[in-house]
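protein02.txt follows; it contains compact mmCIF, C-alpha atoms.
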```txt
# COMPACT_ATOMS: atom_id res chain seq x y z
CA MET A 1 -15.60 22.65 18.92
CA THR A 2 -13.36 25.46 17.86
CA SER A 3 -16.02 28.09 18.38
CA ALA A 4 -16.79 26.73 21.83
CA THR A 5 -13.16 27.04 22.72
CA LEU A 6 -12.33 30.38 21.23
CA ALA A 7 -15.43 32.36 20.36
CA PRO A 8 -16.27 35.47 22.38
CA ALA A 9 -18.26 34.46 25.39
CA SER A 10 -21.80 35.60 26.06
CA SER A 11 -22.71 37.74 29.04
CA GLY A 12 -21.93 36.18 32.39
CA THR A 13 -18.92 34.25 31.11
CA THR A 14 -15.25 35.09 30.91
CA VAL A 15 -14.00 36.35 27.56
CA GLN A 16 -10.68 34.82 26.52
CA LYS A 17 -8.37 36.48 24.05
CA VAL A 18 -7.67 34.52 20.87
CA THR A 19 -4.00 33.55 20.85
CA GLY A 20 -1.91 31.29 18.67
CA LEU A 21 -1.56 28.78 21.50
CA ARG A 22 -5.32 28.60 22.04
CA VAL A 23 -5.92 28.12 18.31
CA LEU A 24 -3.30 25.36 18.33
CA ARG A 25 -5.00 23.66 21.31
CA SER A 26 -8.33 23.85 19.55
CA GLU A 27 -6.99 22.29 16.36
CA TRP A 28 -5.22 19.60 18.40
CA ALA A 29 -8.46 18.67 20.14
CA LYS A 30 -10.34 18.77 16.85
CA PHE A 31 -7.80 16.50 15.16
CA TRP A 32 -7.96 13.76 17.78
CA SER A 33 -11.74 13.95 18.15
CA LEU A 34 -12.29 12.94 14.51
CA ARG A 35 -12.52 9.23 13.79
CA SER A 36 -11.09 9.79 10.32
CA SER A 37 -7.85 11.07 11.87
CA TRP A 38 -7.24 7.86 13.78
CA ILE A 39 -8.23 5.62 10.88
CA THR A 40 -6.28 7.40 8.14
CA LEU A 41 -3.18 7.86 10.27
CA SER A 42 -3.25 4.20 11.28
CA VAL A 43 -3.63 3.14 7.65
CA GLY A 44 -0.58 5.17 6.67
CA VAL A 45 1.56 3.69 9.45
CA VAL A 46 0.40 0.12 8.77
CA LEU A 47 1.02 0.44 5.02
CA LEU A 48 4.52 1.77 5.60
CA ILE A 49 5.44 -1.06 7.96
CA ALA A 50 3.64 -3.86 6.12
CA PHE A 51 4.89 -3.11 2.61
CA GLY A 52 8.45 -2.66 3.83
CA ALA A 53 8.45 -5.86 5.86
CA ILE A 54 6.82 -7.90 3.09
CA ALA A 55 9.17 -6.57 0.41
CA SER A 56 12.17 -7.50 2.55
CA ALA A 57 10.80 -10.92 3.45
CA THR A 58 10.12 -11.80 -0.20
CA TYR A 59 13.36 -10.36 -1.55
CA SER A 60 15.22 -12.53 -4.03
CA PRO A 61 18.53 -11.58 -5.67
CA ASP A 62 17.35 -13.18 -8.91
CA ALA A 63 14.16 -11.06 -8.93
CA ALA A 64 16.16 -7.94 -8.15
CA THR A 65 18.34 -8.39 -11.21
CA ASN A 66 15.36 -9.08 -13.44
CA GLN A 67 14.66 -6.21 -15.82
CA GLY A 68 10.92 -6.86 -15.82
CA PRO A 69 8.39 -5.17 -13.54
CA GLY A 70 8.13 -6.26 -9.95
CA PRO A 71 8.47 -5.01 -6.36
CA ASN A 72 12.08 -6.14 -6.16
CA SER A 73 13.16 -5.11 -9.64
CA GLY A 74 16.19 -2.85 -9.49
CA VAL A 75 16.39 -2.85 -5.68
CA SER A 76 19.97 -2.23 -4.56
CA ASP A 77 19.81 -1.82 -0.77
CA ALA A 78 17.83 -2.78 2.31
CA VAL A 79 16.60 0.77 2.88
CA SER A 80 14.87 0.84 -0.52
CA LEU A 81 13.03 -2.34 0.43
CA ALA A 82 12.09 -1.05 3.87
CA LEU A 83 10.65 2.14 2.35
CA THR A 84 8.64 0.39 -0.36
CA GLY A 85 5.44 1.58 1.29
CA VAL A 86 6.33 5.29 1.31
CA THR A 87 4.23 6.01 -1.79
CA PHE A 88 1.15 4.41 -0.27
CA ALA A 89 1.76 6.05 3.11
CA SER A 90 2.14 9.44 1.40
CA LEU A 91 -1.36 9.12 -0.04
CA ALA A 92 -2.76 8.26 3.39
CA VAL A 93 -1.15 11.16 5.25
CA GLY A 94 -1.85 13.52 2.36
CA VAL A 95 -5.54 12.60 2.43
CA LEU A 96 -5.47 13.10 6.19
CA GLY A 97 -4.20 16.64 5.67
CA VAL A 98 -6.91 17.32 3.10
CA LEU A 99 -9.64 16.08 5.44
CA LEU A 100 -8.31 18.22 8.26
CA SER A 101 -8.77 21.40 6.23
CA ALA A 102 -11.25 20.82 3.38
CA GLY A 103 -13.43 18.68 5.62
CA GLU A 104 -14.53 21.80 7.50
CA TYR A 105 -15.74 23.35 4.27
CA SER A 106 -17.79 20.23 3.50
CA THR A 107 -19.53 20.30 6.87
CA GLY A 108 -19.81 24.08 7.14
CA MET A 109 -17.82 24.10 10.39
CA ILE A 110 -15.33 26.47 8.81
CA ARG A 111 -17.75 29.37 9.46
CA SER A 112 -17.64 28.71 13.19
CA THR A 113 -13.87 28.31 13.08
CA LEU A 114 -13.32 31.63 11.31
CA ALA A 115 -15.86 33.38 13.50
CA ALA A 116 -13.80 32.26 16.48
CA VAL A 117 -10.52 33.24 14.81
CA PRO A 118 -11.28 36.39 12.77
CA ARG A 119 -7.66 36.84 11.67
CA ARG A 120 -7.98 33.48 9.85
CA LEU A 121 -4.32 32.75 9.13
CA PRO A 122 -3.66 31.24 12.60
CA VAL A 123 -6.13 28.50 11.65
CA LEU A 124 -4.01 27.45 8.67
CA TRP A 125 -0.76 27.63 10.64
CA ALA A 126 -2.28 25.69 13.55
CA LYS A 127 -3.58 22.89 11.32
CA SER A 128 -0.15 22.57 9.72
CA ALA A 129 1.60 22.69 13.09
CA VAL A 130 -0.64 19.91 14.43
CA ILE A 131 -0.45 17.42 11.59
CA GLY A 132 3.20 17.97 10.64
CA PRO A 133 4.86 16.82 13.89
CA ILE A 134 2.32 14.00 14.36
CA ALA A 135 3.06 12.63 10.89
CA LEU A 136 6.80 13.14 11.37
CA ILE A 137 6.99 11.20 14.63
CA LEU A 138 4.68 8.31 13.71
CA THR A 139 5.97 7.74 10.19
CA THR A 140 9.60 7.92 11.29
CA ILE A 141 8.87 5.26 13.91
CA ALA A 142 7.07 3.22 11.24
CA ALA A 143 10.04 3.52 8.85
CA LEU A 144 12.41 2.38 11.58
CA ALA A 145 10.08 -0.53 12.39
CA ALA A 146 9.86 -1.54 8.72
CA PHE A 147 13.64 -1.52 8.46
CA GLN A 148 14.14 -3.51 11.63
CA LEU A 149 11.56 -6.10 10.57
CA GLY A 150 13.17 -6.19 7.14
CA THR A 151 16.56 -7.11 8.58
CA LEU A 152 15.05 -10.42 9.70
CA GLY A 153 14.12 -11.31 6.12
CA LEU A 154 17.42 -10.10 4.68
CA ASP A 155 19.70 -11.95 7.10
CA GLY A 156 22.70 -13.18 5.12
CA GLU A 157 21.85 -11.24 1.94
CA LYS A 158 24.46 -8.97 0.35
CA ILE A 159 22.16 -5.94 0.50
CA ALA A 160 21.54 -6.31 4.25
CA LEU A 161 22.34 -3.21 6.33
CA SER A 162 22.16 -2.07 9.94
CA LEU A 163 21.15 1.23 11.49
CA SER A 164 24.80 2.02 12.16
CA ASP A 165 25.72 1.85 8.48
CA ASP A 166 26.47 5.12 6.74
CA GLY A 167 23.36 6.98 5.61
CA VAL A 168 20.77 4.47 6.85
CA LEU A 169 19.42 6.51 9.75
CA ARG A 170 19.42 9.65 7.60
CA SER A 171 17.33 7.89 4.94
CA LEU A 172 14.80 6.50 7.41
CA THR A 173 14.31 9.83 9.17
CA GLY A 174 14.21 11.49 5.74
CA ALA A 175 11.19 9.36 4.91
CA GLY A 176 9.46 10.71 8.02
CA VAL A 177 10.33 14.29 7.06
CA TYR A 178 8.99 13.75 3.53
CA LEU A 179 5.71 12.27 4.78
CA ALA A 180 5.29 15.10 7.30
CA LEU A 181 5.64 17.61 4.48
CA VAL A 182 3.12 15.64 2.40
CA ALA A 183 0.64 15.92 5.28
CA VAL A 184 1.12 19.70 5.39
CA PHE A 185 0.84 19.75 1.59
CA GLY A 186 -2.56 18.07 1.97
CA VAL A 187 -3.68 20.73 4.45
CA ALA A 188 -2.62 23.47 2.04
CA LEU A 189 -4.38 21.86 -0.94
CA GLY A 190 -7.55 21.36 1.09
CA MET A 191 -7.59 24.98 2.23
CA LEU A 192 -6.76 26.21 -1.27
CA LEU A 193 -9.35 24.17 -3.19
CA ARG A 194 -11.96 23.92 -0.38
CA SER A 195 -13.16 20.56 -1.67
CA SER A 196 -12.11 17.21 -0.24
CA ALA A 197 -12.63 15.38 -3.52
CA GLY A 198 -10.88 18.06 -5.56
CA ALA A 199 -7.93 18.34 -3.19
CA ILE A 200 -7.45 14.55 -3.01
CA ALA A 201 -7.56 14.37 -6.82
CA ALA A 202 -4.99 17.17 -7.01
CA LEU A 203 -2.80 15.42 -4.44
CA VAL A 204 -2.83 12.14 -6.39
CA GLY A 205 -2.29 13.94 -9.68
CA ILE A 206 0.66 15.98 -8.44
CA LEU A 207 2.42 13.18 -6.58
CA LEU A 208 1.72 10.22 -8.86
CA ILE A 209 0.36 11.17 -12.27
CA LEU A 210 2.30 14.32 -13.13
CA PRO A 211 5.75 12.65 -13.33
CA GLY A 212 4.32 10.01 -15.66
CA LEU A 213 2.70 12.55 -17.95
CA ALA A 214 5.93 14.52 -18.06
CA SER A 215 7.62 11.54 -19.71
CA LEU A 216 5.69 12.49 -22.86
CA LEU A 217 7.80 15.63 -23.15
CA PRO A 218 10.94 15.76 -25.31
CA ASP A 219 13.82 13.95 -23.63
CA SER A 220 15.97 17.06 -23.28
CA LEU A 221 13.23 18.96 -21.48
CA TYR A 222 12.12 15.97 -19.41
CA ASP A 223 15.62 15.28 -18.13
CA ASN A 224 15.96 18.88 -16.96
CA ILE A 225 12.64 19.19 -15.10
CA ASN A 226 12.03 15.62 -13.92
CA PRO A 227 14.08 15.88 -10.67
CA TYR A 228 12.09 18.95 -9.62
CA PHE A 229 8.64 17.38 -9.60
CA PRO A 230 7.33 17.19 -6.00
CA SER A 231 7.38 13.41 -5.63
CA ASN A 232 10.77 13.03 -7.34
CA ALA A 233 12.33 15.76 -5.22
CA GLY A 234 10.75 14.17 -2.14
CA SER A 235 12.08 10.71 -2.96
CA ALA A 236 15.59 12.16 -3.06
CA VAL A 237 15.19 13.11 0.61
CA TYR A 238 15.07 9.49 1.74
CA ALA A 239 17.13 7.79 -0.97
CA LEU A 240 20.17 6.02 0.42
CA GLN A 241 22.02 6.11 -2.89
CA GLN A 242 21.84 9.17 -5.11
CA SER A 243 21.34 8.43 -8.80
CA SER A 244 22.87 10.54 -11.53
CA ASP A 245 19.52 12.00 -12.60
CA SER A 246 18.23 12.91 -9.11
CA LEU A 247 18.80 15.69 -6.62
CA SER A 248 20.88 15.35 -3.48
CA PRO A 249 18.93 14.79 -0.25
CA GLY A 250 19.40 18.40 0.84
CA ALA A 251 18.42 19.81 -2.54
CA GLY A 252 15.44 17.48 -2.75
CA LEU A 253 14.24 18.62 0.67
CA ALA A 254 14.61 22.26 -0.31
CA VAL A 255 12.69 21.78 -3.58
CA PHE A 256 9.83 19.81 -2.03
CA ALA A 257 9.60 22.20 0.93
CA GLY A 258 9.40 24.99 -1.65
CA TRP A 259 6.42 23.32 -3.31
CA VAL A 260 4.71 22.99 0.06
CA ALA A 261 5.48 26.61 0.98
CA LEU A 262 4.15 27.83 -2.36
CA THR A 263 0.89 25.93 -1.88
CA LEU A 264 0.58 27.22 1.68
CA ALA A 265 1.04 30.76 0.39
CA GLY A 266 -1.76 30.25 -2.12
CA ALA A 267 -4.01 28.78 0.56
CA ALA A 268 -3.23 31.69 2.91
CA PHE A 269 -4.03 34.23 0.20
CA ARG A 270 -7.39 32.67 -0.59
CA LEU A 271 -8.23 32.23 3.08
CA VAL A 272 -7.71 35.91 3.77
CA ARG A 273 -9.11 37.35 0.55
CA THR A 274 -12.25 35.29 -0.05
CA ASP A 275 -15.35 34.39 1.96
CA ALA A 276 -15.76 31.02 3.60
```

Mind turning the file's structure into structure tokens?
Amino acid sequence: MTSATLAPASSGTTVQKVTGLRVLRSEWAKFWSLRSSWITLSVGVVLLIAFGAIASATYSPDAATNQGPGPNSGVSDAVSLALTGVTFASLAVGVLGVLLSAGEYSTGMIRSTLAAVPRRLPVLWAKSAVIGPIALILTTIAALAAFQLGTLGLDGEKIALSLSDDGVLRSLTGAGVYLALVAVFGVALGMLLRSSAGAIAALVGILLILPGLASLLPDSLYDNINPYFPSNAGSAVYALQQSSDSLSPGAGLAVFAGWVALTLAGAAFRLVRTDA
């Protein structure tokens, strides 16, 4: 698809110059033509809405004060309940980003893509520019929907909030920003590792497993580095209430965006320096 759109034309046809806009159009068309894009994106949105709505509907003050494990354990506000599904949605949009980039290496289509775009880097930027805004818009809408549905189940509860309450809208849009960055992170990992399975494993390991393994470190060291792990910094972006051991929303956004930028830089270096 990309080569048909951008590759130099044969004799008798008009040759079109490769531009950033044309590369972006090509990646946009490629994204929506893949069934996996629709399915994975829909799964992420549904998980975000469903888990948030269910957590709010099943909320019990007694369960929230229980020190044992459970979906409502330690919950202190309606936004936390509404965003219960962020972790699951992050895996969905992250996998979507991986498939968008590493999937071309699995099928061999990357050779046609890079033949059509010899400078290579516009391909990486275009993929990121396509999936980032799509994930941002849809997941922000899903977070708002989860919150609004959750208000029905929390009617009369002390933790109930409305969109007009201080910090609520910032937290819900912050969840969309975080998930958009996770999608771009997936693109970068896929382009860096060039393996769908390897990039998905790295995504899960970095976002979910790494913070748990870090707890094995000495307490003094763990307390200092724990807030800077990607998923912990990302969770600070959409947290309504800042805990004493976490970053502020702005700092969390800066740290997580730094992780994404660093991975993109590595992916760009390998894309330019090595063969497809």

Which residues are near Thr139 (chain A)? Cut-off 8 Å, only C-alpha atoms, ignore same chain within fewer than 6 positions. Put them as a PyMOL selection string. chain A and resi 44-45+48+175-176+179-180

Got a sec: who's within 9 Å of Val187 (chain A), counting only C-alpha atoms, leaving out chain neighbours fewer than 3 positions off, as a list in words? Gly94, Val95, Leu96, Gly97, Val98, Leu99, Leu100, Ser101, Ala102, Leu124, Lys127, Ser128, Ile131, Val182, Ala183, Val184, Gly190, Met191, Leu192, Leu264 and Ala267 of chain A

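In this comparison, which uses all atoms listed in the file, the residue of A:Ala251, A:Leu121, A:Ala239, A:Val86 approaching Ala265 (chain A) most closely is A:Leu121.
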
List every residue of region 65-157 of chain A that has an atom at most 8 Å from any atom of region 49-56 of chain A, giving for each one its closest atom pair and the distance in Å to one decimal, counting all atoms listed in the file, sorted by chain and then by ascending residue number, as a tab-separated table.
```
residue	atom	partner	partner_atom	distance
A:Pro71	CA	A:Ala55	CA	7.0
A:Asn72	CA	A:Ala55	CA	7.2
A:Ala78	CA	A:Ser56	CA	7.4
A:Leu81	CA	A:Ser56	CA	5.6
A:Ala82	CA	A:Gly52	CA	4.0
A:Leu83	CA	A:Gly52	CA	5.5
A:Thr84	CA	A:Gly52	CA	5.2
A:Gly85	CA	A:Phe51	CA	4.9
A:Ala142	CA	A:Ile49	CA	5.6
A:Ala143	CA	A:Ile49	CA	6.6
A:Ala145	CA	A:Ile49	CA	6.4
A:Ala146	CA	A:Ile49	CA	4.5
A:Phe147	CA	A:Gly52	CA	7.0
A:Leu149	CA	A:Ala53	CA	5.6
A:Gly150	CA	A:Ser56	CA	4.9
A:Thr151	CA	A:Ser56	CA	7.5
A:Gly153	CA	A:Ser56	CA	5.6
A:Leu154	CA	A:Ser56	CA	6.2
```

With distances taken over all atoms listed in the file, which residue among A:Ala214, A:Ser195, A:Leu208, A:Pro249 lies nearest Thr107 (chain A)? A:Ser195

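Using only C-alpha atoms, the shortest contact distance between Gly20 (chain A) and any of A:Ile141, A:Ile110, A:Ala115, A:Val123 is found at A:Val123.
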
d(CA of Lys30 (chain A), CA of Leu91 (chain A)) in Å: 21.4 Å

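With distances restricted to all atoms listed in the file, A:Trp28 is the closest residue to Ala129 (chain A) from A:Trp259, A:Tyr178, A:Trp28, A:Tyr238.
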
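Minimum distance to Ile137 (chain A) across A:Thr173, A:Ser106, A:Ser244, A:Ser90 (counting only C-alpha atoms) occurs at A:Thr173.
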
Radius query 12 Å about (13.4, 24.9, -5.5), atoms used: all atoms listed in the file, as a PyMOL selection string: chain A and resi 225+227-230+233-234+247+250-262

Would you compute the distance between CA of Leu210 (chain A) and CA of Asn232 (chain A)? Give it in Å to one decimal. 10.3 Å

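The spacing separating CA of Arg111 (chain A) from CA of Thr274 (chain A) amounts to 12.5 Å.
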
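Between Pro122 (chain A) and the candidates A:Ser80, A:Ser60, A:Gln241, A:Ser26, the tightest atom-to-atom separation, counting all atoms listed in the file, involves A:Ser26.
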
Would you mind completing region 83-116 of chain A to N, CA and C atoms and writing the output as a short mmCIF file (atom, residue, chain, number, x, y, z; two decimals), keeping the file's coordinate frame?
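Listing of result_10.cif after writing:
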```cif
data_model
loop_
_atom_site.label_atom_id
_atom_site.label_comp_id
_atom_site.auth_asym_id
_atom_site.auth_seq_id
_atom_site.Cartn_x
_atom_site.Cartn_y
_atom_site.Cartn_z
N LEU A 83 11.48 0.97 2.65
CA LEU A 83 10.65 2.14 2.35
C LEU A 83 9.78 1.94 1.12
N THR A 84 9.51 0.69 0.77
CA THR A 84 8.64 0.39 -0.36
C THR A 84 7.26 1.01 -0.19
N GLY A 85 6.79 1.09 1.04
CA GLY A 85 5.44 1.58 1.29
C GLY A 85 5.31 3.09 1.41
N VAL A 86 6.39 3.84 1.15
CA VAL A 86 6.33 5.29 1.31
C VAL A 86 5.28 5.91 0.39
N THR A 87 5.20 5.44 -0.85
CA THR A 87 4.23 6.01 -1.79
C THR A 87 2.81 5.85 -1.29
N PHE A 88 2.49 4.66 -0.77
CA PHE A 88 1.15 4.41 -0.27
C PHE A 88 0.89 5.21 1.02
N ALA A 89 1.90 5.27 1.88
CA ALA A 89 1.76 6.05 3.11
C ALA A 89 1.59 7.52 2.81
N SER A 90 2.25 8.02 1.75
CA SER A 90 2.14 9.44 1.40
C SER A 90 0.71 9.78 1.00
N LEU A 91 0.04 8.88 0.32
CA LEU A 91 -1.36 9.12 -0.04
C LEU A 91 -2.24 9.17 1.21
N ALA A 92 -1.96 8.29 2.17
CA ALA A 92 -2.76 8.26 3.39
C ALA A 92 -2.59 9.54 4.20
N VAL A 93 -1.35 9.96 4.44
CA VAL A 93 -1.15 11.16 5.25
C VAL A 93 -1.55 12.41 4.48
N GLY A 94 -1.40 12.38 3.15
CA GLY A 94 -1.85 13.52 2.36
C GLY A 94 -3.36 13.68 2.41
N VAL A 95 -4.07 12.56 2.30
CA VAL A 95 -5.54 12.60 2.43
C VAL A 95 -5.93 13.07 3.82
N LEU A 96 -5.20 12.65 4.83
CA LEU A 96 -5.47 13.10 6.19
C LEU A 96 -5.36 14.62 6.30
N GLY A 97 -4.34 15.19 5.68
CA GLY A 97 -4.20 16.64 5.67
C GLY A 97 -5.34 17.32 4.96
N VAL A 98 -5.77 16.76 3.85
CA VAL A 98 -6.91 17.32 3.10
C VAL A 98 -8.17 17.31 3.96
N LEU A 99 -8.44 16.19 4.62
CA LEU A 99 -9.64 16.08 5.44
C LEU A 99 -9.61 17.05 6.61
N LEU A 100 -8.43 17.31 7.13
CA LEU A 100 -8.31 18.22 8.26
C LEU A 100 -8.70 19.64 7.89
N SER A 101 -8.47 20.02 6.65
CA SER A 101 -8.77 21.40 6.23
C SER A 101 -10.04 21.47 5.40
N ALA A 102 -10.09 20.75 4.27
CA ALA A 102 -11.25 20.82 3.38
C ALA A 102 -12.49 20.20 4.01
N GLY A 103 -12.29 19.30 4.96
CA GLY A 103 -13.43 18.68 5.62
C GLY A 103 -14.32 19.69 6.32
N GLU A 104 -13.73 20.77 6.82
CA GLU A 104 -14.53 21.80 7.50
C GLU A 104 -15.40 22.56 6.51
N TYR A 105 -14.93 22.70 5.28
CA TYR A 105 -15.74 23.35 4.27
C TYR A 105 -16.92 22.47 3.85
N SER A 106 -16.71 21.16 3.87
CA SER A 106 -17.79 20.23 3.50
C SER A 106 -18.90 20.24 4.53
N THR A 107 -18.53 20.33 5.80
CA THR A 107 -19.53 20.30 6.87
C THR A 107 -20.07 21.68 7.23
N GLY A 108 -19.41 22.72 6.78
CA GLY A 108 -19.81 24.08 7.14
C GLY A 108 -19.22 24.56 8.44
N MET A 109 -18.42 23.73 9.10
CA MET A 109 -17.82 24.10 10.39
C MET A 109 -16.81 25.23 10.25
N ILE A 110 -16.33 25.44 9.02
CA ILE A 110 -15.33 26.47 8.81
C ILE A 110 -15.87 27.85 9.21
N ARG A 111 -17.18 28.07 9.08
CA ARG A 111 -17.75 29.37 9.46
C ARG A 111 -17.59 29.61 10.95
N SER A 112 -17.82 28.57 11.74
CA SER A 112 -17.64 28.71 13.19
C SER A 112 -16.17 28.90 13.53
N THR A 113 -15.30 28.19 12.83
CA THR A 113 -13.87 28.31 13.08
C THR A 113 -13.38 29.72 12.81
N LEU A 114 -13.80 30.29 11.67
CA LEU A 114 -13.32 31.63 11.31
C LEU A 114 -14.01 32.72 12.11
N ALA A 115 -15.22 32.43 12.60
CA ALA A 115 -15.86 33.38 13.50
C ALA A 115 -15.12 33.45 14.82
N ALA A 116 -14.56 32.30 15.24
CA ALA A 116 -13.80 32.26 16.48
C ALA A 116 -12.40 32.84 16.32
#
```
